[in-house]
$ cat query.txt   # compact mmCIF, N, CA and C atoms
# COMPACT_ATOMS: atom_id res chain seq x y z
N MET Y 1 -12.29 22.21 20.33
CA MET Y 1 -12.24 23.11 19.19
C MET Y 1 -11.25 24.25 19.45
N LEU Y 2 -11.29 24.79 20.65
CA LEU Y 2 -10.36 25.86 21.01
C LEU Y 2 -8.92 25.34 20.98
N ASP Y 3 -8.73 24.12 21.49
CA ASP Y 3 -7.38 23.54 21.50
C ASP Y 3 -6.82 23.38 20.09
N VAL Y 4 -7.63 22.88 19.18
CA VAL Y 4 -7.16 22.63 17.81
C VAL Y 4 -7.03 23.92 17.03
N ASN Y 5 -8.11 24.72 17.00
CA ASN Y 5 -8.16 25.88 16.12
C ASN Y 5 -7.32 27.06 16.58
N VAL Y 6 -7.10 27.18 17.89
CA VAL Y 6 -6.36 28.34 18.39
C VAL Y 6 -5.03 27.92 19.01
N LEU Y 7 -5.07 27.08 20.03
CA LEU Y 7 -3.82 26.71 20.70
C LEU Y 7 -2.89 25.90 19.80
N GLY Y 8 -3.45 24.94 19.09
CA GLY Y 8 -2.63 24.13 18.16
C GLY Y 8 -2.00 25.00 17.08
N LEU Y 9 -2.80 25.91 16.53
CA LEU Y 9 -2.30 26.83 15.51
C LEU Y 9 -1.15 27.67 16.08
N CYS Y 10 -1.32 28.17 17.29
CA CYS Y 10 -0.27 29.00 17.91
C CYS Y 10 1.02 28.22 18.12
N MET Y 11 0.89 27.00 18.64
CA MET Y 11 2.09 26.20 18.91
C MET Y 11 2.81 25.81 17.61
N CYS Y 12 2.06 25.38 16.61
CA CYS Y 12 2.69 24.99 15.34
C CYS Y 12 3.34 26.20 14.65
N THR Y 13 2.66 27.33 14.70
CA THR Y 13 3.21 28.54 14.09
C THR Y 13 4.47 28.99 14.81
N ARG Y 14 4.42 28.96 16.14
CA ARG Y 14 5.60 29.33 16.93
C ARG Y 14 6.81 28.47 16.55
N GLU Y 15 6.59 27.16 16.43
CA GLU Y 15 7.68 26.26 16.10
C GLU Y 15 8.16 26.46 14.66
N ALA Y 16 7.25 26.73 13.75
CA ALA Y 16 7.64 26.95 12.36
C ALA Y 16 8.50 28.21 12.23
N VAL Y 17 8.06 29.30 12.87
CA VAL Y 17 8.82 30.55 12.80
C VAL Y 17 10.17 30.39 13.50
N LYS Y 18 10.16 29.71 14.64
CA LYS Y 18 11.42 29.44 15.37
C LYS Y 18 12.39 28.66 14.49
N SER Y 19 11.89 27.64 13.79
CA SER Y 19 12.72 26.83 12.91
C SER Y 19 13.28 27.68 11.77
N MET Y 20 12.44 28.53 11.20
CA MET Y 20 12.92 29.40 10.11
C MET Y 20 14.05 30.29 10.60
N ARG Y 21 13.86 30.89 11.76
CA ARG Y 21 14.88 31.80 12.30
C ARG Y 21 16.17 31.06 12.62
N GLU Y 22 16.07 29.87 13.23
CA GLU Y 22 17.26 29.09 13.57
C GLU Y 22 18.04 28.67 12.34
N ARG Y 23 17.36 28.48 11.23
CA ARG Y 23 18.02 28.05 9.99
C ARG Y 23 18.36 29.22 9.08
N GLY Y 24 18.13 30.44 9.56
CA GLY Y 24 18.47 31.62 8.78
C GLY Y 24 17.54 31.88 7.61
N VAL Y 25 16.34 31.34 7.66
CA VAL Y 25 15.36 31.56 6.59
C VAL Y 25 14.68 32.90 6.85
N ASP Y 26 14.95 33.86 5.99
CA ASP Y 26 14.37 35.19 6.17
C ASP Y 26 13.25 35.47 5.17
N ASP Y 27 12.98 34.51 4.31
CA ASP Y 27 11.95 34.73 3.29
C ASP Y 27 10.92 33.59 3.31
N GLY Y 28 10.68 33.04 4.49
CA GLY Y 28 9.71 31.95 4.62
C GLY Y 28 8.28 32.45 4.49
N HIS Y 29 7.37 31.53 4.60
CA HIS Y 29 5.96 31.88 4.44
C HIS Y 29 5.13 31.01 5.39
N VAL Y 30 4.35 31.66 6.24
CA VAL Y 30 3.41 30.98 7.13
C VAL Y 30 2.04 31.10 6.48
N ILE Y 31 1.42 29.96 6.23
CA ILE Y 31 0.07 29.96 5.66
C ILE Y 31 -0.84 29.24 6.63
N GLN Y 32 -1.91 29.91 7.03
CA GLN Y 32 -2.88 29.33 7.93
C GLN Y 32 -4.21 29.17 7.21
N ILE Y 33 -4.85 28.04 7.42
CA ILE Y 33 -6.19 27.85 6.87
C ILE Y 33 -7.17 28.34 7.93
N ASN Y 34 -7.83 29.42 7.62
CA ASN Y 34 -8.79 30.05 8.52
C ASN Y 34 -10.19 29.64 8.04
N SER Y 35 -11.11 30.56 8.01
CA SER Y 35 -12.47 30.29 7.54
C SER Y 35 -13.16 31.61 7.25
N GLY Y 36 -14.10 31.56 6.35
CA GLY Y 36 -14.92 32.74 6.10
C GLY Y 36 -15.65 33.20 7.35
N VAL Y 37 -16.00 32.24 8.23
CA VAL Y 37 -16.68 32.62 9.47
C VAL Y 37 -15.73 33.21 10.50
N GLY Y 38 -14.46 33.34 10.13
CA GLY Y 38 -13.51 34.08 10.96
C GLY Y 38 -13.55 35.57 10.66
N HIS Y 39 -14.45 35.95 9.76
CA HIS Y 39 -14.60 37.35 9.36
C HIS Y 39 -16.05 37.81 9.44
N LYS Y 40 -16.98 36.85 9.38
CA LYS Y 40 -18.40 37.18 9.34
C LYS Y 40 -19.20 36.02 9.91
N GLN Y 41 -20.11 36.32 10.81
CA GLN Y 41 -21.01 35.29 11.35
C GLN Y 41 -22.26 35.23 10.48
N TYR Y 42 -22.63 34.04 10.06
CA TYR Y 42 -23.78 33.86 9.18
C TYR Y 42 -25.02 33.46 9.98
N ALA Y 43 -26.13 34.14 9.75
CA ALA Y 43 -27.40 33.82 10.43
C ALA Y 43 -27.85 32.41 10.08
N SER Y 44 -27.48 31.94 8.91
CA SER Y 44 -27.88 30.59 8.47
C SER Y 44 -27.09 29.49 9.18
N ASN Y 45 -26.16 29.86 10.05
CA ASN Y 45 -25.32 28.88 10.75
C ASN Y 45 -25.34 29.14 12.26
N PRO Y 46 -26.51 29.09 12.90
CA PRO Y 46 -26.59 29.41 14.32
C PRO Y 46 -25.84 28.43 15.22
N ASP Y 47 -25.61 27.21 14.75
CA ASP Y 47 -24.88 26.22 15.56
C ASP Y 47 -23.38 26.46 15.56
N GLY Y 48 -22.92 27.36 14.71
CA GLY Y 48 -21.48 27.51 14.53
C GLY Y 48 -20.85 28.68 15.25
N HIS Y 49 -21.52 29.26 16.24
CA HIS Y 49 -20.98 30.47 16.86
C HIS Y 49 -19.67 30.23 17.61
N PHE Y 50 -19.49 29.09 18.25
CA PHE Y 50 -18.23 28.86 18.95
C PHE Y 50 -17.10 28.61 17.95
N TYR Y 51 -17.39 27.82 16.92
CA TYR Y 51 -16.41 27.59 15.85
C TYR Y 51 -16.01 28.93 15.26
N SER Y 52 -17.00 29.77 14.98
CA SER Y 52 -16.73 31.09 14.41
C SER Y 52 -15.83 31.91 15.33
N ALA Y 53 -16.08 31.84 16.63
CA ALA Y 53 -15.26 32.58 17.59
C ALA Y 53 -13.80 32.13 17.53
N THR Y 54 -13.57 30.83 17.36
CA THR Y 54 -12.18 30.36 17.27
C THR Y 54 -11.52 30.88 15.99
N LYS Y 55 -12.29 30.98 14.93
CA LYS Y 55 -11.72 31.47 13.67
C LYS Y 55 -11.54 32.99 13.69
N PHE Y 56 -12.38 33.73 14.41
CA PHE Y 56 -12.12 35.16 14.62
C PHE Y 56 -10.81 35.32 15.38
N ALA Y 57 -10.55 34.43 16.34
CA ALA Y 57 -9.28 34.47 17.09
C ALA Y 57 -8.11 34.23 16.14
N VAL Y 58 -8.25 33.31 15.21
CA VAL Y 58 -7.20 33.04 14.23
C VAL Y 58 -6.90 34.30 13.41
N THR Y 59 -7.95 35.00 12.99
CA THR Y 59 -7.77 36.24 12.23
C THR Y 59 -6.94 37.25 13.03
N ALA Y 60 -7.27 37.43 14.30
CA ALA Y 60 -6.54 38.37 15.15
C ALA Y 60 -5.10 37.91 15.38
N LEU Y 61 -4.92 36.63 15.62
CA LEU Y 61 -3.57 36.10 15.87
C LEU Y 61 -2.67 36.26 14.65
N LEU Y 62 -3.22 36.04 13.46
CA LEU Y 62 -2.40 36.17 12.25
C LEU Y 62 -2.04 37.63 12.00
N ASP Y 63 -2.96 38.54 12.25
CA ASP Y 63 -2.62 39.97 12.13
C ASP Y 63 -1.50 40.33 13.11
N GLY Y 64 -1.61 39.82 14.33
CA GLY Y 64 -0.58 40.09 15.34
C GLY Y 64 0.77 39.50 14.94
N LEU Y 65 0.76 38.27 14.43
CA LEU Y 65 2.01 37.63 14.00
C LEU Y 65 2.64 38.42 12.86
N ARG Y 66 1.82 38.84 11.91
CA ARG Y 66 2.34 39.63 10.79
C ARG Y 66 3.00 40.91 11.28
N ASN Y 67 2.36 41.58 12.23
CA ASN Y 67 2.93 42.81 12.80
C ASN Y 67 4.23 42.51 13.55
N GLU Y 68 4.23 41.45 14.34
CA GLU Y 68 5.42 41.06 15.10
C GLU Y 68 6.60 40.78 14.18
N LEU Y 69 6.36 40.03 13.11
CA LEU Y 69 7.44 39.70 12.17
C LEU Y 69 7.92 40.95 11.44
N SER Y 70 7.02 41.83 11.11
CA SER Y 70 7.39 43.07 10.42
C SER Y 70 8.26 43.95 11.32
N LEU Y 71 7.87 44.07 12.58
CA LEU Y 71 8.63 44.89 13.53
C LEU Y 71 10.02 44.32 13.80
N SER Y 72 10.16 43.00 13.68
CA SER Y 72 11.47 42.38 13.90
C SER Y 72 12.31 42.37 12.63
N LYS Y 73 11.83 43.06 11.60
CA LYS Y 73 12.57 43.25 10.34
C LYS Y 73 12.86 41.96 9.59
N THR Y 74 11.99 40.97 9.76
CA THR Y 74 12.12 39.74 8.99
C THR Y 74 11.27 39.86 7.73
N HIS Y 75 11.55 39.04 6.76
CA HIS Y 75 10.78 39.03 5.52
C HIS Y 75 9.89 37.79 5.43
N ILE Y 76 9.67 37.15 6.57
CA ILE Y 76 8.75 36.01 6.62
C ILE Y 76 7.34 36.55 6.42
N ARG Y 77 6.64 35.98 5.45
CA ARG Y 77 5.29 36.45 5.13
C ARG Y 77 4.24 35.58 5.83
N VAL Y 78 3.08 36.16 6.03
CA VAL Y 78 1.97 35.47 6.71
C VAL Y 78 0.71 35.65 5.87
N THR Y 79 0.09 34.53 5.52
CA THR Y 79 -1.14 34.56 4.73
C THR Y 79 -2.21 33.72 5.40
N SER Y 80 -3.41 34.26 5.42
CA SER Y 80 -4.58 33.54 5.91
C SER Y 80 -5.44 33.17 4.71
N ILE Y 81 -5.78 31.90 4.62
CA ILE Y 81 -6.69 31.42 3.58
C ILE Y 81 -8.04 31.18 4.26
N SER Y 82 -9.06 31.90 3.82
CA SER Y 82 -10.38 31.83 4.46
C SER Y 82 -11.43 31.34 3.48
N PRO Y 83 -11.64 30.03 3.46
CA PRO Y 83 -12.64 29.49 2.54
C PRO Y 83 -14.06 29.58 3.10
N GLY Y 84 -14.99 29.67 2.17
CA GLY Y 84 -16.40 29.53 2.51
C GLY Y 84 -16.74 28.05 2.57
N LEU Y 85 -18.00 27.73 2.33
CA LEU Y 85 -18.45 26.34 2.45
C LEU Y 85 -17.66 25.44 1.49
N THR Y 86 -16.94 24.51 2.09
CA THR Y 86 -16.09 23.58 1.33
C THR Y 86 -16.54 22.17 1.64
N GLU Y 87 -16.75 21.39 0.62
CA GLU Y 87 -17.24 20.03 0.81
C GLU Y 87 -16.14 19.13 1.37
N THR Y 88 -16.23 18.88 2.66
CA THR Y 88 -15.31 18.01 3.39
C THR Y 88 -16.16 17.16 4.35
N ASN Y 89 -15.52 16.50 5.28
CA ASN Y 89 -16.24 15.74 6.30
C ASN Y 89 -16.69 16.60 7.48
N PHE Y 90 -16.36 17.89 7.45
CA PHE Y 90 -16.62 18.77 8.58
C PHE Y 90 -18.09 18.76 9.01
N ALA Y 91 -19.00 19.06 8.09
CA ALA Y 91 -20.43 19.12 8.45
C ALA Y 91 -20.95 17.76 8.87
N HIS Y 92 -20.46 16.70 8.25
CA HIS Y 92 -20.90 15.36 8.62
C HIS Y 92 -20.49 15.03 10.06
N ARG Y 93 -19.34 15.53 10.48
CA ARG Y 93 -18.90 15.29 11.87
C ARG Y 93 -19.64 16.21 12.84
N MET Y 94 -19.93 17.43 12.40
CA MET Y 94 -20.63 18.38 13.26
C MET Y 94 -22.07 17.94 13.52
N TYR Y 95 -22.68 17.36 12.51
CA TYR Y 95 -24.09 16.96 12.61
C TYR Y 95 -24.22 15.44 12.60
N VAL Y 96 -23.37 14.76 13.34
CA VAL Y 96 -23.38 13.30 13.37
C VAL Y 96 -24.73 12.79 13.89
N HIS Y 97 -25.39 13.56 14.72
CA HIS Y 97 -26.69 13.18 15.27
C HIS Y 97 -27.82 13.31 14.24
N ASP Y 98 -27.60 14.10 13.19
CA ASP Y 98 -28.60 14.32 12.14
C ASP Y 98 -27.89 14.50 10.80
N PRO Y 99 -27.47 13.41 10.17
CA PRO Y 99 -26.69 13.48 8.93
C PRO Y 99 -27.38 14.25 7.81
N GLN Y 100 -28.68 14.33 7.82
CA GLN Y 100 -29.39 15.04 6.75
C GLN Y 100 -29.09 16.54 6.77
N VAL Y 101 -28.75 17.09 7.93
CA VAL Y 101 -28.38 18.50 8.00
C VAL Y 101 -27.12 18.75 7.17
N ALA Y 102 -26.15 17.86 7.29
CA ALA Y 102 -24.91 17.98 6.51
C ALA Y 102 -25.20 17.83 5.02
N VAL Y 103 -26.02 16.86 4.67
CA VAL Y 103 -26.36 16.65 3.27
C VAL Y 103 -27.02 17.90 2.70
N LYS Y 104 -27.92 18.52 3.48
CA LYS Y 104 -28.59 19.76 3.03
C LYS Y 104 -27.59 20.88 2.81
N LYS Y 105 -26.64 21.03 3.74
CA LYS Y 105 -25.65 22.11 3.62
C LYS Y 105 -24.87 22.00 2.31
N TYR Y 106 -24.48 20.79 1.97
CA TYR Y 106 -23.66 20.60 0.78
C TYR Y 106 -24.46 20.50 -0.51
N SER Y 107 -25.78 20.45 -0.41
CA SER Y 107 -26.58 20.35 -1.63
C SER Y 107 -27.35 21.63 -1.94
N ALA Y 108 -27.26 22.65 -1.08
CA ALA Y 108 -27.97 23.91 -1.30
C ALA Y 108 -27.43 24.64 -2.53
N PHE Y 109 -26.11 24.53 -2.77
CA PHE Y 109 -25.45 25.12 -3.93
C PHE Y 109 -24.11 24.42 -4.08
N GLU Y 110 -23.44 24.68 -5.18
CA GLU Y 110 -22.16 24.01 -5.40
C GLU Y 110 -21.10 24.55 -4.44
N SER Y 111 -20.64 23.69 -3.56
CA SER Y 111 -19.63 24.06 -2.56
C SER Y 111 -18.25 24.08 -3.19
N LEU Y 112 -17.33 24.69 -2.47
CA LEU Y 112 -15.93 24.63 -2.87
C LEU Y 112 -15.43 23.20 -2.70
N LYS Y 113 -14.38 22.88 -3.42
CA LYS Y 113 -13.70 21.59 -3.29
C LYS Y 113 -12.32 21.86 -2.69
N PRO Y 114 -11.73 20.87 -2.04
CA PRO Y 114 -10.40 21.07 -1.47
C PRO Y 114 -9.38 21.63 -2.47
N VAL Y 115 -9.47 21.24 -3.73
CA VAL Y 115 -8.54 21.75 -4.73
C VAL Y 115 -8.66 23.26 -4.89
N ASP Y 116 -9.86 23.81 -4.68
CA ASP Y 116 -10.04 25.26 -4.77
C ASP Y 116 -9.22 25.97 -3.69
N ILE Y 117 -9.16 25.37 -2.52
CA ILE Y 117 -8.39 25.94 -1.41
C ILE Y 117 -6.89 25.80 -1.71
N ALA Y 118 -6.51 24.65 -2.24
CA ALA Y 118 -5.11 24.44 -2.63
C ALA Y 118 -4.68 25.48 -3.66
N ASP Y 119 -5.55 25.81 -4.58
CA ASP Y 119 -5.23 26.84 -5.58
C ASP Y 119 -4.99 28.19 -4.92
N GLY Y 120 -5.74 28.50 -3.85
CA GLY Y 120 -5.52 29.74 -3.10
C GLY Y 120 -4.16 29.76 -2.42
N VAL Y 121 -3.76 28.63 -1.89
CA VAL Y 121 -2.43 28.51 -1.26
C VAL Y 121 -1.34 28.72 -2.31
N ILE Y 122 -1.50 28.10 -3.46
CA ILE Y 122 -0.51 28.25 -4.54
C ILE Y 122 -0.42 29.70 -4.98
N TYR Y 123 -1.57 30.37 -5.07
CA TYR Y 123 -1.58 31.79 -5.43
C TYR Y 123 -0.74 32.60 -4.45
N ALA Y 124 -0.95 32.39 -3.14
CA ALA Y 124 -0.20 33.15 -2.14
C ALA Y 124 1.29 32.84 -2.20
N LEU Y 125 1.63 31.56 -2.37
CA LEU Y 125 3.04 31.16 -2.44
C LEU Y 125 3.74 31.68 -3.69
N SER Y 126 2.99 31.89 -4.77
CA SER Y 126 3.61 32.32 -6.02
C SER Y 126 3.77 33.83 -6.13
N ALA Y 127 3.34 34.57 -5.11
CA ALA Y 127 3.50 36.03 -5.14
C ALA Y 127 4.99 36.38 -5.10
N PRO Y 128 5.37 37.46 -5.77
CA PRO Y 128 6.78 37.89 -5.72
C PRO Y 128 7.21 38.17 -4.27
N LYS Y 129 8.50 38.08 -4.03
CA LYS Y 129 9.03 38.24 -2.67
C LYS Y 129 8.68 39.57 -2.01
N HIS Y 130 8.45 40.59 -2.80
CA HIS Y 130 8.13 41.90 -2.23
C HIS Y 130 6.62 42.07 -1.97
N VAL Y 131 5.83 41.03 -2.24
CA VAL Y 131 4.38 41.09 -2.08
C VAL Y 131 3.96 40.14 -0.95
N GLN Y 132 3.21 40.68 -0.01
CA GLN Y 132 2.66 39.85 1.06
C GLN Y 132 1.14 39.80 0.88
N VAL Y 133 0.65 38.63 0.57
CA VAL Y 133 -0.79 38.42 0.44
C VAL Y 133 -1.31 38.16 1.84
N HIS Y 134 -2.01 39.13 2.41
CA HIS Y 134 -2.50 39.00 3.78
C HIS Y 134 -3.63 37.99 3.89
N GLU Y 135 -4.54 38.06 2.97
CA GLU Y 135 -5.78 37.28 3.10
C GLU Y 135 -6.25 36.82 1.73
N VAL Y 136 -6.63 35.55 1.66
CA VAL Y 136 -7.29 35.03 0.47
C VAL Y 136 -8.65 34.51 0.93
N LYS Y 137 -9.71 35.20 0.53
CA LYS Y 137 -11.07 34.76 0.85
C LYS Y 137 -11.64 34.10 -0.39
N ILE Y 138 -12.10 32.87 -0.22
CA ILE Y 138 -12.61 32.09 -1.34
C ILE Y 138 -14.01 31.62 -0.97
N ASN Y 139 -14.99 31.98 -1.78
CA ASN Y 139 -16.37 31.57 -1.52
C ASN Y 139 -16.97 30.93 -2.76
N PRO Y 140 -17.91 30.00 -2.55
CA PRO Y 140 -18.70 29.52 -3.68
C PRO Y 140 -19.47 30.72 -4.26
N THR Y 141 -19.66 30.74 -5.54
CA THR Y 141 -20.34 31.85 -6.19
C THR Y 141 -21.71 32.10 -5.59
N GLU Y 142 -22.44 31.07 -5.23
CA GLU Y 142 -23.80 31.23 -4.72
C GLU Y 142 -23.89 31.39 -3.21
N GLN Y 143 -22.79 31.34 -2.50
CA GLN Y 143 -22.86 31.49 -1.05
C GLN Y 143 -23.14 32.96 -0.70
N PRO Y 144 -24.15 33.17 0.14
CA PRO Y 144 -24.48 34.57 0.51
C PRO Y 144 -23.36 35.26 1.26
$ encode --input "query.txt" --output "structure tokens"
Amino acid sequence: MLDVNVLGLCMCTREAVKSMRERGVDDGHVIQINSGVGHKQYASNPDGHFYSATKFAVTALLDGLRNELSLSKTHIRVTSISPGLTETNFAHRMYVHDPQVAVKKYSAFESLKPVDIADGVIYALSAPKHVQVHEVKINPTEQP
């Protein structure tokens, strides 16, 4: 989890920014998919504390990257998309030993759909060049 959520993110971001700079792209956009648990730990999710820690790291790394790019006088923007409970295969893989736990998570209230997250990405990308959308937090209406 640490390798994918933190190290993988760092390596891919490093290469993307390096590519933008090498090609003279000064108005690029780095968008990272974070998580709502990268900002708040939920008591209803006691099994997710390590996952949450990796997403808190993503929040800190993106703030640092944004500061680094700003100090280097580039106009490359950085946006974090932090969705709440989104209906994907994630819970089914996390609770492979007890599939009913995943079913319960997704049936407690209407979860977000992947298209909702895509809409958040489009929102950030469509901002005018002088606007940097730092964070897009998207939650289901009924999620505490």
$ select_by_dssp --input "query.txt" --residues "chain Y" --states "strand (DSSP E)" --output "PyMOL selection string"
chain Y and resi 29-33+77-83+135-138
$ closest_residue --input "query.txt" --among "Y:Val133, Y:Thr88, Y:Phe56, Y:Phe50" --to "Pro114 (chain Y)" --atoms "all atoms listed in the file"
Y:Thr88
$ closest_residue --input "query.txt" --among "Y:Arg23, Y:Lys113, Y:His29, Y:His97" --to "Lys129 (chain Y)" --atoms "only C-alpha atoms"
Y:His29
$ closest_residue --input "query.txt" --among "Y:His39, Y:Arg14, Y:Lys104, Y:Arg66" --to "Gly84 (chain Y)" --atoms "only C-alpha atoms"
Y:His39
$ residues_around --input "query.txt" --residues "region 73-76 of chain Y" --least-positions-apart "3" --cutoff "7 Å" --atoms "only C-alpha atoms" --output "list in words"
Asp26, Asp27, Gly28, His29, Leu69 and Ser70 of chain Y
$ atom_distance --input "query.txt" --atom1 "CA of Tyr123 (chain Y)" --atom2 "CA of Leu62 (chain Y)"
18.2 Å
$ select_by_dssp --input "query.txt" --residues "chain Y" --states "alpha helix (DSSP H)" --output "count of residues only"
64
$ atom_distance --input "query.txt" --atom1 "CA of Asp63 (chain Y)" --atom2 "CA of Ile122 (chain Y)"
20.5 Å
$ atom_distance --input "query.txt" --atom1 "CA of Lys137 (chain Y)" --atom2 "CA of Pro83 (chain Y)"
5.8 Å
$ residues_around --input "query.txt" --residues "Asn139 (chain Y)" --least-positions-apart "4" --cutoff "8 Å" --atoms "all atoms listed in the file" --output "compact mmCIF listing (two decimals) with N, CA and C atoms, keeping the file's coordinate frame"
# COMPACT_ATOMS: atom_id res chain seq x y z
N GLY Y 36 -14.10 31.56 6.35
CA GLY Y 36 -14.92 32.74 6.10
C GLY Y 36 -15.65 33.20 7.35
N SER Y 82 -9.06 31.90 3.82
CA SER Y 82 -10.38 31.83 4.46
C SER Y 82 -11.43 31.34 3.48
N PRO Y 83 -11.64 30.03 3.46
CA PRO Y 83 -12.64 29.49 2.54
C PRO Y 83 -14.06 29.58 3.10
N GLY Y 84 -14.99 29.67 2.17
CA GLY Y 84 -16.40 29.53 2.51
C GLY Y 84 -16.74 28.05 2.57
N LEU Y 85 -18.00 27.73 2.33
CA LEU Y 85 -18.45 26.34 2.45
C LEU Y 85 -17.66 25.44 1.49
N THR Y 86 -16.94 24.51 2.09
CA THR Y 86 -16.09 23.58 1.33
C THR Y 86 -16.54 22.17 1.64
N GLU Y 110 -23.44 24.68 -5.18
CA GLU Y 110 -22.16 24.01 -5.40
C GLU Y 110 -21.10 24.55 -4.44
N SER Y 111 -20.64 23.69 -3.56
CA SER Y 111 -19.63 24.06 -2.56
C SER Y 111 -18.25 24.08 -3.19
N LEU Y 112 -17.33 24.69 -2.47
CA LEU Y 112 -15.93 24.63 -2.87
C LEU Y 112 -15.43 23.20 -2.70
N GLN Y 143 -22.79 31.34 -2.50
CA GLN Y 143 -22.86 31.49 -1.05
C GLN Y 143 -23.14 32.96 -0.70
$ residues_around --input "query.txt" --residues "Val30 (chain Y)" --least-positions-apart "6" --cutoff "7 Å" --atoms "only N, CA and C atoms" --output "PDB file with N, CA and C atoms, in the frame of the given file"
ATOM      1  N   ILE Y  76       9.670  37.150   6.570  1.00  0.00           N
ATOM      2  CA  ILE Y  76       8.750  36.010   6.620  1.00  0.00           C
ATOM      3  C   ILE Y  76       7.340  36.550   6.420  1.00  0.00           C
ATOM      4  N   ARG Y  77       6.640  35.980   5.450  1.00  0.00           N
ATOM      5  CA  ARG Y  77       5.290  36.450   5.130  1.00  0.00           C
ATOM      6  C   ARG Y  77       4.240  35.580   5.830  1.00  0.00           C
ATOM      7  N   VAL Y  78       3.080  36.160   6.030  1.00  0.00           N
ATOM      8  CA  VAL Y  78       1.970  35.470   6.710  1.00  0.00           C
ATOM      9  C   VAL Y  78       0.710  35.650   5.870  1.00  0.00           C
ATOM     10  N   THR Y  79       0.090  34.530   5.520  1.00  0.00           N
ATOM     11  CA  THR Y  79      -1.140  34.560   4.730  1.00  0.00           C
ATOM     12  C   THR Y  79      -2.210  33.720   5.400  1.00  0.00           C
ATOM     13  N   SER Y  80      -3.410  34.260   5.420  1.00  0.00           N
ATOM     14  CA  SER Y  80      -4.580  33.540   5.910  1.00  0.00           C
ATOM     15  C   SER Y  80      -5.440  33.170   4.710  1.00  0.00           C
TER      16      SER Y  80
END
$ closest_residue --input "query.txt" --among "Y:Tyr106, Y:Tyr51, Y:Phe90, Y:Tyr95" --to "Val37 (chain Y)" --atoms "all atoms listed in the file"
Y:Tyr51
$ axis_aligned_box --input "query.txt" --around "region 80-92 of chain Y" --padding-each-side "5 Å" --output "JSON"
{"center_x": -12.2, "center_y": 24.6, "center_z": 5.3, "size_x": 27.5, "size_y": 29.2, "size_z": 19.4}
$ closest_atom_pairs --input "query.txt" --of "region 27-107 of chain Y" --to "region 3-12 of chain Y" --cutoff "7 Å" --atoms "only N, CA and C atoms" --output "CSV"
residue,atom,partner,partner_atom,distance
Y:Thr54,C,Y:Asn5,C,5.7
Y:Lys55,N,Y:Asn5,C,6.5
Y:Ala57,C,Y:Val6,CA,6.5
Y:Val58,N,Y:Val6,CA,6.2
$ write_last_selection --input "query.txt" --atoms "N, CA and C atoms" --output "PDB file, in the coordinates of the input"
ATOM      1  N   THR Y  54     -13.570  30.830  17.360  1.00  0.00           N
ATOM      2  CA  THR Y  54     -12.180  30.360  17.270  1.00  0.00           C
ATOM      3  C   THR Y  54     -11.520  30.880  15.990  1.00  0.00           C
ATOM      4  N   LYS Y  55     -12.290  30.980  14.930  1.00  0.00           N
ATOM      5  CA  LYS Y  55     -11.720  31.470  13.670  1.00  0.00           C
ATOM      6  C   LYS Y  55     -11.540  32.990  13.690  1.00  0.00           C
ATOM      7  N   ALA Y  57     -10.550  34.430  16.340  1.00  0.00           N
ATOM      8  CA  ALA Y  57      -9.280  34.470  17.090  1.00  0.00           C
ATOM      9  C   ALA Y  57      -8.110  34.230  16.140  1.00  0.00           C
ATOM     10  N   VAL Y  58      -8.250  33.310  15.210  1.00  0.00           N
ATOM     11  CA  VAL Y  58      -7.200  33.040  14.230  1.00  0.00           C
ATOM     12  C   VAL Y  58      -6.900  34.300  13.410  1.00  0.00           C
TER      13      VAL Y  58
END
$ decode --input "query.txt" --residues "region 109-116 of chain Y" --atoms "N, CA, C and O atoms" --output "PDB file, in the first residue's frame"
ATOM      1  N   PHE Y 109     -25.645   3.711   2.232  1.00  0.00           N
ATOM      2  CA  PHE Y 109     -26.197   4.913   1.609  1.00  0.00           C
ATOM      3  C   PHE Y 109     -25.688   4.939   0.179  1.00  0.00           C
ATOM      4  O   PHE Y 109     -24.818   4.151  -0.186  1.00  0.00           O
ATOM      5  N   GLU Y 110     -26.211   5.842  -0.614  1.00  0.00           N
ATOM      6  CA  GLU Y 110     -25.791   5.900  -2.016  1.00  0.00           C
ATOM      7  C   GLU Y 110     -24.356   6.420  -2.111  1.00  0.00           C
ATOM      8  O   GLU Y 110     -24.066   7.556  -1.746  1.00  0.00           O
ATOM      9  N   SER Y 111     -23.468   5.570  -2.572  1.00  0.00           N
ATOM     10  CA  SER Y 111     -22.054   5.914  -2.714  1.00  0.00           C
ATOM     11  C   SER Y 111     -21.829   6.738  -3.973  1.00  0.00           C
ATOM     12  O   SER Y 111     -22.677   6.785  -4.868  1.00  0.00           O
ATOM     13  N   LEU Y 112     -20.668   7.354  -4.026  1.00  0.00           N
ATOM     14  CA  LEU Y 112     -20.264   8.028  -5.253  1.00  0.00           C
ATOM     15  C   LEU Y 112     -20.013   6.985  -6.334  1.00  0.00           C
ATOM     16  O   LEU Y 112     -19.723   5.821  -6.043  1.00  0.00           O
ATOM     17  N   LYS Y 113     -20.085   7.423  -7.564  1.00  0.00           N
ATOM     18  CA  LYS Y 113     -19.757   6.588  -8.724  1.00  0.00           C
ATOM     19  C   LYS Y 113     -18.482   7.147  -9.353  1.00  0.00           C
ATOM     20  O   LYS Y 113     -18.169   8.328  -9.189  1.00  0.00           O
ATOM     21  N   PRO Y 114     -17.740   6.325 -10.070  1.00  0.00           N
ATOM     22  CA  PRO Y 114     -16.521   6.827 -10.712  1.00  0.00           C
ATOM     23  C   PRO Y 114     -16.751   8.087 -11.561  1.00  0.00           C
ATOM     24  O   PRO Y 114     -15.890   8.967 -11.603  1.00  0.00           O
ATOM     25  N   VAL Y 115     -17.898   8.202 -12.200  1.00  0.00           N
ATOM     26  CA  VAL Y 115     -18.180   9.383 -13.017  1.00  0.00           C
ATOM     27  C   VAL Y 115     -18.212  10.651 -12.158  1.00  0.00           C
ATOM     28  O   VAL Y 115     -17.868  11.737 -12.630  1.00  0.00           O
ATOM     29  N   ASP Y 116     -18.610  10.532 -10.890  1.00  0.00           N
ATOM     30  CA  ASP Y 116     -18.617  11.697 -10.003  1.00  0.00           C
ATOM     31  C   ASP Y 116     -17.197  12.210  -9.790  1.00  0.00           C
ATOM     32  O   ASP Y 116     -16.960  13.422  -9.735  1.00  0.00           O
TER      33      ASP Y 116
END
